[in-house]
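Here's protein.cif, which has mmCIF, C-alpha atoms and all ligand atoms:
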```cif
data_final
#
loop_
_atom_site.label_atom_id
_atom_site.label_comp_id
_atom_site.auth_asym_id
_atom_site.auth_seq_id
_atom_site.Cartn_x
_atom_site.Cartn_y
_atom_site.Cartn_z
CA MET A 98 96.21 -85.75 -7.09
CA LYS A 99 92.95 -83.82 -6.97
CA LYS A 100 92.71 -81.59 -3.88
CA GLN A 101 89.88 -79.70 -2.21
CA PHE A 102 90.41 -75.95 -1.91
CA ALA A 103 88.20 -73.18 -0.56
CA VAL A 104 88.88 -69.54 -1.36
CA ILE A 105 87.20 -66.88 0.78
CA GLY A 106 87.09 -63.40 -0.76
CA LEU A 107 86.90 -63.11 -4.53
CA GLY A 108 88.71 -59.85 -5.25
CA ARG A 109 91.34 -59.85 -8.02
CA PHE A 110 93.71 -62.01 -5.96
CA GLY A 111 91.19 -64.52 -4.58
CA ALA A 112 89.41 -64.90 -7.94
CA SER A 113 92.70 -65.50 -9.71
CA VAL A 114 93.77 -68.15 -7.15
CA ALA A 115 90.37 -69.88 -7.35
CA LYS A 116 90.18 -69.95 -11.18
CA THR A 117 93.77 -71.16 -11.54
CA LEU A 118 93.33 -74.00 -9.03
CA TYR A 119 90.17 -75.08 -10.86
CA GLN A 120 91.92 -74.93 -14.25
CA MET A 121 94.63 -77.14 -12.73
CA GLY A 122 91.99 -79.77 -12.08
CA HIS A 123 91.28 -79.27 -8.37
CA ASP A 124 87.95 -78.89 -6.59
CA VAL A 125 87.40 -75.25 -5.63
CA LEU A 126 84.71 -73.74 -3.44
CA ALA A 127 84.70 -69.94 -3.92
CA VAL A 128 82.99 -67.78 -1.29
CA ASP A 129 82.20 -64.07 -1.24
CA ASN A 130 79.50 -61.99 0.42
CA CYS A 131 79.07 -59.97 -2.77
CA GLU A 132 76.57 -61.46 -5.25
CA ALA A 133 78.31 -59.93 -8.28
CA LYS A 134 81.69 -61.47 -7.38
CA VAL A 135 80.05 -64.87 -6.98
CA GLN A 136 78.26 -64.54 -10.34
CA GLU A 137 81.59 -63.75 -12.03
CA LEU A 138 83.06 -67.06 -10.88
CA THR A 139 80.03 -69.26 -11.45
CA GLY A 140 81.01 -72.00 -13.89
CA ARG A 141 84.69 -71.17 -13.52
CA VAL A 142 85.13 -73.03 -10.21
CA THR A 143 83.46 -76.16 -8.79
CA GLN A 144 81.01 -74.15 -6.69
CA ALA A 145 80.65 -70.42 -6.05
CA ILE A 146 78.61 -69.41 -3.03
CA GLN A 147 77.41 -66.09 -1.68
CA ALA A 148 77.97 -66.12 2.08
CA ASP A 149 79.35 -64.00 4.88
CA ALA A 150 82.43 -65.91 6.00
CA HIS A 151 82.60 -63.70 9.07
CA ASN A 152 80.13 -66.06 10.72
CA GLU A 153 81.02 -69.28 12.46
CA GLU A 154 77.77 -71.05 11.58
CA VAL A 155 78.18 -70.21 7.89
CA LEU A 156 81.69 -71.67 7.88
CA LYS A 157 80.43 -74.81 9.62
CA SER A 158 77.56 -75.23 7.17
CA LEU A 159 80.06 -75.03 4.29
CA GLY A 160 81.91 -77.98 5.85
CA ILE A 161 85.02 -75.85 5.77
CA ARG A 162 87.08 -78.18 7.94
CA ASN A 163 86.96 -80.88 5.26
CA PHE A 164 88.98 -78.84 2.76
CA ASP A 165 92.70 -79.54 2.33
CA THR A 166 93.54 -75.84 2.14
CA VAL A 167 91.52 -72.68 2.74
CA VAL A 168 92.75 -69.38 1.30
CA VAL A 169 91.63 -66.23 3.11
CA ALA A 170 91.76 -63.57 0.40
CA ILE A 171 89.64 -60.91 2.13
CA GLY A 172 91.67 -57.73 1.66
CA THR A 173 90.71 -54.31 2.92
CA ASP A 174 88.63 -55.53 5.84
CA ILE A 175 91.59 -56.55 7.99
CA GLN A 176 89.35 -57.35 10.97
CA ALA A 177 87.25 -59.79 8.95
CA ASN A 178 90.39 -61.30 7.44
CA ILE A 179 91.87 -62.00 10.92
CA LEU A 180 88.62 -63.21 12.48
CA VAL A 181 87.90 -65.59 9.62
CA THR A 182 91.46 -66.98 10.01
CA VAL A 183 90.85 -67.49 13.76
CA MET A 184 87.53 -69.27 13.10
CA LEU A 185 89.08 -71.52 10.45
CA LYS A 186 91.81 -72.47 12.92
CA GLU A 187 89.25 -73.19 15.64
CA GLN A 188 87.28 -75.39 13.26
CA GLY A 189 90.41 -77.48 12.63
CA VAL A 190 91.22 -76.51 9.02
CA ARG A 191 94.48 -78.32 8.18
CA CYS A 192 96.12 -75.61 6.10
CA ILE A 193 95.19 -71.93 6.13
CA VAL A 194 96.77 -69.49 3.69
CA ALA A 195 95.99 -65.86 4.48
CA LYS A 196 96.64 -62.70 2.50
CA ALA A 197 98.21 -59.87 4.51
CA GLN A 198 98.13 -56.15 3.78
CA ASN A 199 101.38 -55.35 5.60
CA GLU A 200 104.05 -56.87 7.87
CA LEU A 201 102.15 -56.20 11.11
CA HIS A 202 98.99 -57.75 9.72
CA GLY A 203 101.08 -60.72 8.59
CA LYS A 204 102.53 -61.17 12.09
CA VAL A 205 99.03 -61.20 13.59
CA LEU A 206 97.86 -63.77 11.03
CA ALA A 207 100.81 -66.04 11.83
CA LYS A 208 100.11 -65.67 15.57
CA VAL A 209 96.44 -66.61 15.22
CA GLY A 210 97.28 -69.75 13.26
CA ALA A 211 97.72 -69.02 9.54
CA ASP A 212 100.03 -71.73 8.19
CA LYS A 213 101.21 -69.49 5.37
CA VAL A 214 100.96 -65.72 5.03
CA VAL A 215 101.21 -64.16 1.57
CA TYR A 216 101.86 -60.57 0.52
CA PRO A 217 100.93 -60.55 -3.19
CA GLU A 218 101.34 -56.82 -3.82
CA ARG A 219 104.66 -56.57 -1.96
CA ASP A 220 106.09 -59.71 -3.56
CA MET A 221 105.02 -58.71 -7.07
CA GLY A 222 106.61 -55.28 -6.54
CA VAL A 223 109.90 -56.86 -5.41
CA ARG A 224 109.85 -59.26 -8.37
CA LEU A 225 109.17 -56.54 -10.90
CA ALA A 226 111.91 -54.30 -9.47
CA HIS A 227 114.46 -57.12 -9.70
CA ASN A 228 113.39 -57.99 -13.22
CA LEU A 229 113.64 -54.37 -14.34
CA VAL A 230 117.16 -53.95 -12.98
CA SER A 231 118.58 -57.30 -14.03
CA THR A 232 117.90 -58.57 -17.52
CA ASN A 233 119.46 -61.92 -16.52
CA LEU A 234 116.92 -62.57 -13.82
CA LEU A 235 113.84 -64.29 -15.22
CA ASP A 236 112.01 -65.12 -11.99
CA GLN A 237 112.43 -65.26 -8.27
CA ILE A 238 110.67 -67.06 -5.42
CA GLN A 239 111.39 -65.85 -1.91
CA LEU A 240 111.27 -68.95 0.33
CA SER A 241 112.04 -67.03 3.53
CA PRO A 242 113.62 -63.65 4.34
CA GLU A 243 116.99 -65.43 4.01
CA TYR A 244 116.57 -67.93 1.14
CA SER A 245 115.39 -67.54 -2.45
CA ILE A 246 115.17 -69.59 -5.62
CA LEU A 247 116.15 -67.74 -8.79
CA GLU A 248 115.85 -68.46 -12.48
CA VAL A 249 118.78 -66.73 -14.20
CA VAL A 250 120.28 -66.67 -17.68
CA ALA A 251 123.95 -67.63 -17.83
CA THR A 252 126.07 -64.89 -19.40
CA PRO A 253 129.34 -65.41 -21.32
CA ARG A 254 131.17 -64.51 -18.07
CA ILE A 255 130.15 -67.80 -16.50
CA GLY A 256 129.20 -69.76 -19.61
CA ASN A 257 131.40 -72.44 -21.21
CA GLN A 258 132.50 -73.86 -17.86
CA THR A 259 131.51 -76.88 -15.82
CA LEU A 260 129.62 -76.50 -12.56
CA GLY A 261 132.61 -78.06 -10.78
CA LYS A 262 134.91 -75.36 -12.18
CA LEU A 263 132.49 -72.59 -11.29
CA ASN A 264 132.36 -73.89 -7.72
CA LEU A 265 129.28 -71.81 -6.85
CA ARG A 266 128.53 -73.81 -3.70
CA ALA A 267 131.92 -73.15 -2.10
CA LYS A 268 132.19 -69.53 -3.35
CA TYR A 269 128.66 -68.26 -2.76
CA GLY A 270 126.76 -71.02 -0.95
CA ILE A 271 124.64 -71.40 -4.11
CA ASN A 272 123.12 -74.72 -5.13
CA VAL A 273 122.17 -75.25 -8.78
CA LEU A 274 118.86 -77.11 -8.81
CA ALA A 275 118.41 -77.38 -12.57
CA LEU A 276 119.92 -76.34 -15.91
CA LYS A 277 117.99 -75.71 -19.08
CA ASN A 278 119.59 -75.71 -22.51
CA GLY A 279 116.95 -75.27 -25.22
CA ASP A 280 114.40 -78.04 -24.57
CA GLN A 281 116.81 -80.13 -22.52
CA VAL A 282 116.44 -79.88 -18.75
CA THR A 283 118.98 -81.37 -16.33
CA VAL A 284 117.65 -81.69 -12.79
CA SER A 285 120.24 -81.72 -9.96
CA PRO A 286 123.17 -81.35 -12.38
CA GLY A 287 126.52 -82.81 -11.30
CA ALA A 288 129.96 -81.19 -11.19
CA ASP A 289 130.70 -82.21 -14.79
CA ALA A 290 127.58 -80.47 -16.19
CA ALA A 291 128.61 -77.74 -18.62
CA ILE A 292 127.02 -74.29 -18.61
CA HIS A 293 126.75 -72.46 -21.91
CA PRO A 294 125.93 -68.77 -22.41
CA ASP A 295 122.13 -68.32 -22.54
CA ASP A 296 121.47 -71.54 -20.58
CA ILE A 297 118.89 -71.04 -17.85
CA MET A 298 120.03 -71.87 -14.32
CA VAL A 299 117.64 -72.47 -11.41
CA VAL A 300 119.59 -71.73 -8.24
CA LEU A 301 118.89 -71.77 -4.51
CA GLY A 302 120.86 -69.61 -2.12
CA THR A 303 120.99 -67.03 0.62
CA LYS A 304 120.31 -63.35 -0.04
CA LYS A 305 124.02 -62.51 0.27
CA GLY A 306 125.15 -65.45 -1.87
CA ILE A 307 122.67 -64.56 -4.60
CA GLU A 308 123.70 -60.89 -4.55
CA ASN A 309 127.32 -61.95 -5.06
CA LEU A 310 126.40 -64.36 -7.84
CA MET A 311 124.39 -61.69 -9.68
CA LYS A 312 127.38 -59.28 -9.52
CA VAL A 313 129.55 -61.92 -11.16
CA ILE A 314 127.17 -62.91 -13.94
CA GLN A 315 126.08 -59.39 -14.96
P1 LIG P 401 92.08 -57.62 -4.47
O1 LIG P 401 93.31 -56.79 -4.36
O2 LIG P 401 92.34 -59.09 -4.45
O3 LIG P 401 91.17 -57.21 -5.60
P2 LIG P 401 91.35 -56.39 -2.02
O4 LIG P 401 92.65 -56.62 -1.33
O5 LIG P 401 91.02 -55.02 -2.49
O6 LIG P 401 91.20 -57.41 -3.20
P3 LIG P 401 88.74 -56.67 -0.95
O7 LIG P 401 88.15 -56.30 -2.26
O8 LIG P 401 88.57 -55.77 0.20
O9 LIG P 401 90.27 -56.99 -1.08
O10 LIG P 401 88.26 -58.12 -0.50
C1 LIG P 401 88.28 -59.19 -1.38
C2 LIG P 401 86.89 -59.80 -1.44
O11 LIG P 401 86.53 -60.28 -0.16
C3 LIG P 401 85.79 -58.84 -1.88
O12 LIG P 401 85.20 -59.35 -3.06
C4 LIG P 401 84.82 -58.84 -0.72
O13 LIG P 401 83.46 -58.82 -1.15
C5 LIG P 401 85.14 -60.15 -0.01
N1 LIG P 401 84.78 -60.15 1.40
C6 LIG P 401 85.02 -59.19 2.32
N2 LIG P 401 84.52 -59.54 3.53
C7 LIG P 401 83.95 -60.76 3.37
C8 LIG P 401 83.25 -61.68 4.23
N3 LIG P 401 83.03 -61.39 5.52
N4 LIG P 401 82.80 -62.84 3.71
C9 LIG P 401 83.00 -63.15 2.41
N5 LIG P 401 83.64 -62.33 1.55
C10 LIG P 401 84.11 -61.16 2.01
#
```
Could you rewrite the structure in this file as structure tokens?
Amino acid sequence: MKKQFAVIGLGRFGASVAKTLYQMGHDVLAVDNCEAKVQELTGRVTQAIQADAHNEEVLKSLGIRNFDTVVVAIGTDIQANILVTVMLKEQGVRCIVAKAQNELHGKVLAKVGADKVVYPERDMGVRLAHNLVSTNLLDQIQLSPEYSILEVVATPRIGNQTLGKLNLRAKYGINVLALKNGDQVTVSPGADAAIHPDDIMVVLGTKKGIENLMKVIQ
């Protein structure tokens, strides 16, 4: 379903979010106070507007409260980033996603009403480090400090067994969400699903459980 997004701050992160949402078929209003940044996105989003978001009247005139989600991607100017988040909250925006520079900044954003706080640089660094150390790990999404979803390649050590035999849930508290063998994808595989070496497993588990699983499949 087509959704209405607004992205405030068109640095590398904000511009990338805005362009991707637009390419995915959604309506995207992109806002920046820098003319050049707005020019760069013109024609690549639904509407690109030069405006200072650090101004309540400007936000009102953009009809910001009518958007499904507003992304605050102002970076270095932490004060503007927080104040814009506060104003969006006050104007009744349903879902605010704000980019934080560090943990403390993130805590403040959550306190003032951001529904989701993202740390793109930190998360990309963590992802890259994991990928560099483990060749079996294809991707990772951290859902919370405790839970993650991982995409891992099955090695011969765990391949050629059924999920029931592997018993990952009882041993490591790991749930297998999907299995991919070539082009064939099995969603929510049952106990009799067989895992072959080089199959891709999408698993959900706790930090500890995933650490233990990775030790076994290396
Ligand atoms: P990135 O890493 O995504 O490139 P950054 O973290 O370095 O960005 P900045 O470049 O400081 O972040 O900010 C992102 C964008 O936000 C900039 O293009 C800047 O012009 C814009 N911006 C800053 N303050 C405001 C404001 N009050 N209203 C609208 N846009 C703003």
With 7 Å as the cut-off and only C-alpha atoms counted, what is the closest atom pair between each nearby residue of range 169-237 of chain A and range 98-112 of chain A? Distances in Å to one decimal, ordered by chain and number, as a tab-separated table.
```
residue	atom	partner	partner_atom	distance
A:Val169	CA	A:Ile105	CA	5.0
A:Ala170	CA	A:Gly106	CA	4.8
A:Ile171	CA	A:Gly106	CA	4.6
```
Expected file contents, prior selection, C-alpha atoms, as a PDB file, in the frame of the given file:
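Below is the file that was written, again.pdb:
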```pdb
ATOM      1  CA  VAL A 169      91.630 -66.230   3.110  1.00  0.00           C
ATOM      2  CA  ALA A 170      91.760 -63.570   0.400  1.00  0.00           C
ATOM      3  CA  ILE A 171      89.640 -60.910   2.130  1.00  0.00           C
TER       4      ILE A 171
END
```
Using all atoms listed in the file, find each protein or nucleic acid residue lying at most 9 Å from ligand LIG 401 (chain P); present the set as a PyMOL selection string.
chain A and resi 105-113+128-135+147-152+169-175+177-178+181+196-198+217-218
Go ahead and write the selection's residues with C-alpha atoms as a PDB file, keeping the file's coordinate frame.
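In the end it all went to again-v6.pdb:
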```pdb
ATOM      1  CA  ILE A 105      87.200 -66.880   0.780  1.00  0.00           C
ATOM      2  CA  GLY A 106      87.090 -63.400  -0.760  1.00  0.00           C
ATOM      3  CA  LEU A 107      86.900 -63.110  -4.530  1.00  0.00           C
ATOM      4  CA  GLY A 108      88.710 -59.850  -5.250  1.00  0.00           C
ATOM      5  CA  ARG A 109      91.340 -59.850  -8.020  1.00  0.00           C
ATOM      6  CA  PHE A 110      93.710 -62.010  -5.960  1.00  0.00           C
ATOM      7  CA  GLY A 111      91.190 -64.520  -4.580  1.00  0.00           C
ATOM      8  CA  ALA A 112      89.410 -64.900  -7.940  1.00  0.00           C
ATOM      9  CA  SER A 113      92.700 -65.500  -9.710  1.00  0.00           C
ATOM     10  CA  VAL A 128      82.990 -67.780  -1.290  1.00  0.00           C
ATOM     11  CA  ASP A 129      82.200 -64.070  -1.240  1.00  0.00           C
ATOM     12  CA  ASN A 130      79.500 -61.990   0.420  1.00  0.00           C
ATOM     13  CA  CYS A 131      79.070 -59.970  -2.770  1.00  0.00           C
ATOM     14  CA  GLU A 132      76.570 -61.460  -5.250  1.00  0.00           C
ATOM     15  CA  ALA A 133      78.310 -59.930  -8.280  1.00  0.00           C
ATOM     16  CA  LYS A 134      81.690 -61.470  -7.380  1.00  0.00           C
ATOM     17  CA  VAL A 135      80.050 -64.870  -6.980  1.00  0.00           C
ATOM     18  CA  GLN A 147      77.410 -66.090  -1.680  1.00  0.00           C
ATOM     19  CA  ALA A 148      77.970 -66.120   2.080  1.00  0.00           C
ATOM     20  CA  ASP A 149      79.350 -64.000   4.880  1.00  0.00           C
ATOM     21  CA  ALA A 150      82.430 -65.910   6.000  1.00  0.00           C
ATOM     22  CA  HIS A 151      82.600 -63.700   9.070  1.00  0.00           C
ATOM     23  CA  ASN A 152      80.130 -66.060  10.720  1.00  0.00           C
ATOM     24  CA  VAL A 169      91.630 -66.230   3.110  1.00  0.00           C
ATOM     25  CA  ALA A 170      91.760 -63.570   0.400  1.00  0.00           C
ATOM     26  CA  ILE A 171      89.640 -60.910   2.130  1.00  0.00           C
ATOM     27  CA  GLY A 172      91.670 -57.730   1.660  1.00  0.00           C
ATOM     28  CA  THR A 173      90.710 -54.310   2.920  1.00  0.00           C
ATOM     29  CA  ASP A 174      88.630 -55.530   5.840  1.00  0.00           C
ATOM     30  CA  ILE A 175      91.590 -56.550   7.990  1.00  0.00           C
ATOM     31  CA  ALA A 177      87.250 -59.790   8.950  1.00  0.00           C
ATOM     32  CA  ASN A 178      90.390 -61.300   7.440  1.00  0.00           C
ATOM     33  CA  VAL A 181      87.900 -65.590   9.620  1.00  0.00           C
ATOM     34  CA  LYS A 196      96.640 -62.700   2.500  1.00  0.00           C
ATOM     35  CA  ALA A 197      98.210 -59.870   4.510  1.00  0.00           C
ATOM     36  CA  GLN A 198      98.130 -56.150   3.780  1.00  0.00           C
ATOM     37  CA  PRO A 217     100.930 -60.550  -3.190  1.00  0.00           C
ATOM     38  CA  GLU A 218     101.340 -56.820  -3.820  1.00  0.00           C
TER      39      GLU A 218
END
```
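Nearest to Gln239 in chain A of all the residues A:Lys204, A:Lys213, A:Lys312, A:Lys304 is A:Lys304, based on all atoms listed in the file.
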Tell me, in Å to one decimal, how far CA of Ala288 in chain A is from CA of Glu308 in chain A.
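Calculated distance between CA of Ala288 in chain A and CA of Glu308 in chain A is 22.3 Å.
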When you count only C-alpha atoms, which of these residues is closest to Lys305 in chain A: A:Ala127, A:Ile271, A:Ala207, A:Ile161?
A:Ile271
For Val299 in chain A, which residue out of A:Ile238, A:Leu274, A:Val214, A:Ala267 is the nearest one, using only C-alpha atoms?
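Selected residue with least distance to Val299 in chain A: A:Leu274.
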Residue nearest Ser285 in chain A among A:Asn272, A:Gln188, A:Gln176, A:Thr143 (counting all atoms listed in the file):
A:Asn272
Rounded to one decimal place, report the CA of Asn264 in chain A-CA of Ile314 in chain A distance in Å.
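Interatomic distance here is 13.6 Å.
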Expressed in Å, the length from CA of Leu138 in chain A to CA of Val168 in chain A is 15.7 Å
So which residues fall inside 12 Å of (126.9, -80.3, -6.9) if we count all atoms listed in the file? Mind giving them as a list in words?
Thr259, Leu260, Gly261, Lys262, Leu263, Asn264, Leu265, Arg266, Ala267, Gly270, Ile271, Asn272, Val273, Leu274, Ala275, Val284, Ser285, Pro286, Gly287, Ala288, Asp289, Ala290, Val300 and Leu301 of chain A
Could you tell me which of A:Ile146, A:Met311, A:Ile193, A:Val209 comes closest to Asp165 in chain A if we count all atoms listed in the file?
A:Ile193
Taking into account only C-alpha atoms, which residue in the set A:Ile255, A:Leu201, A:Ile297, A:Leu180 is nearest to Leu234 in chain A?
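Residue with the minimum atom-to-atom distance to Leu234 in chain A: A:Ile297.
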As JSON: centre and edge lengths in Å, one decimal, of the axis-aligned box holding range 293-306 of chain A with 6 Å per side:
```
{"center_x": 122.2, "center_y": -67.5, "center_z": -11.0, "size_x": 21.1, "size_y": 22.0, "size_z": 35.2}
```
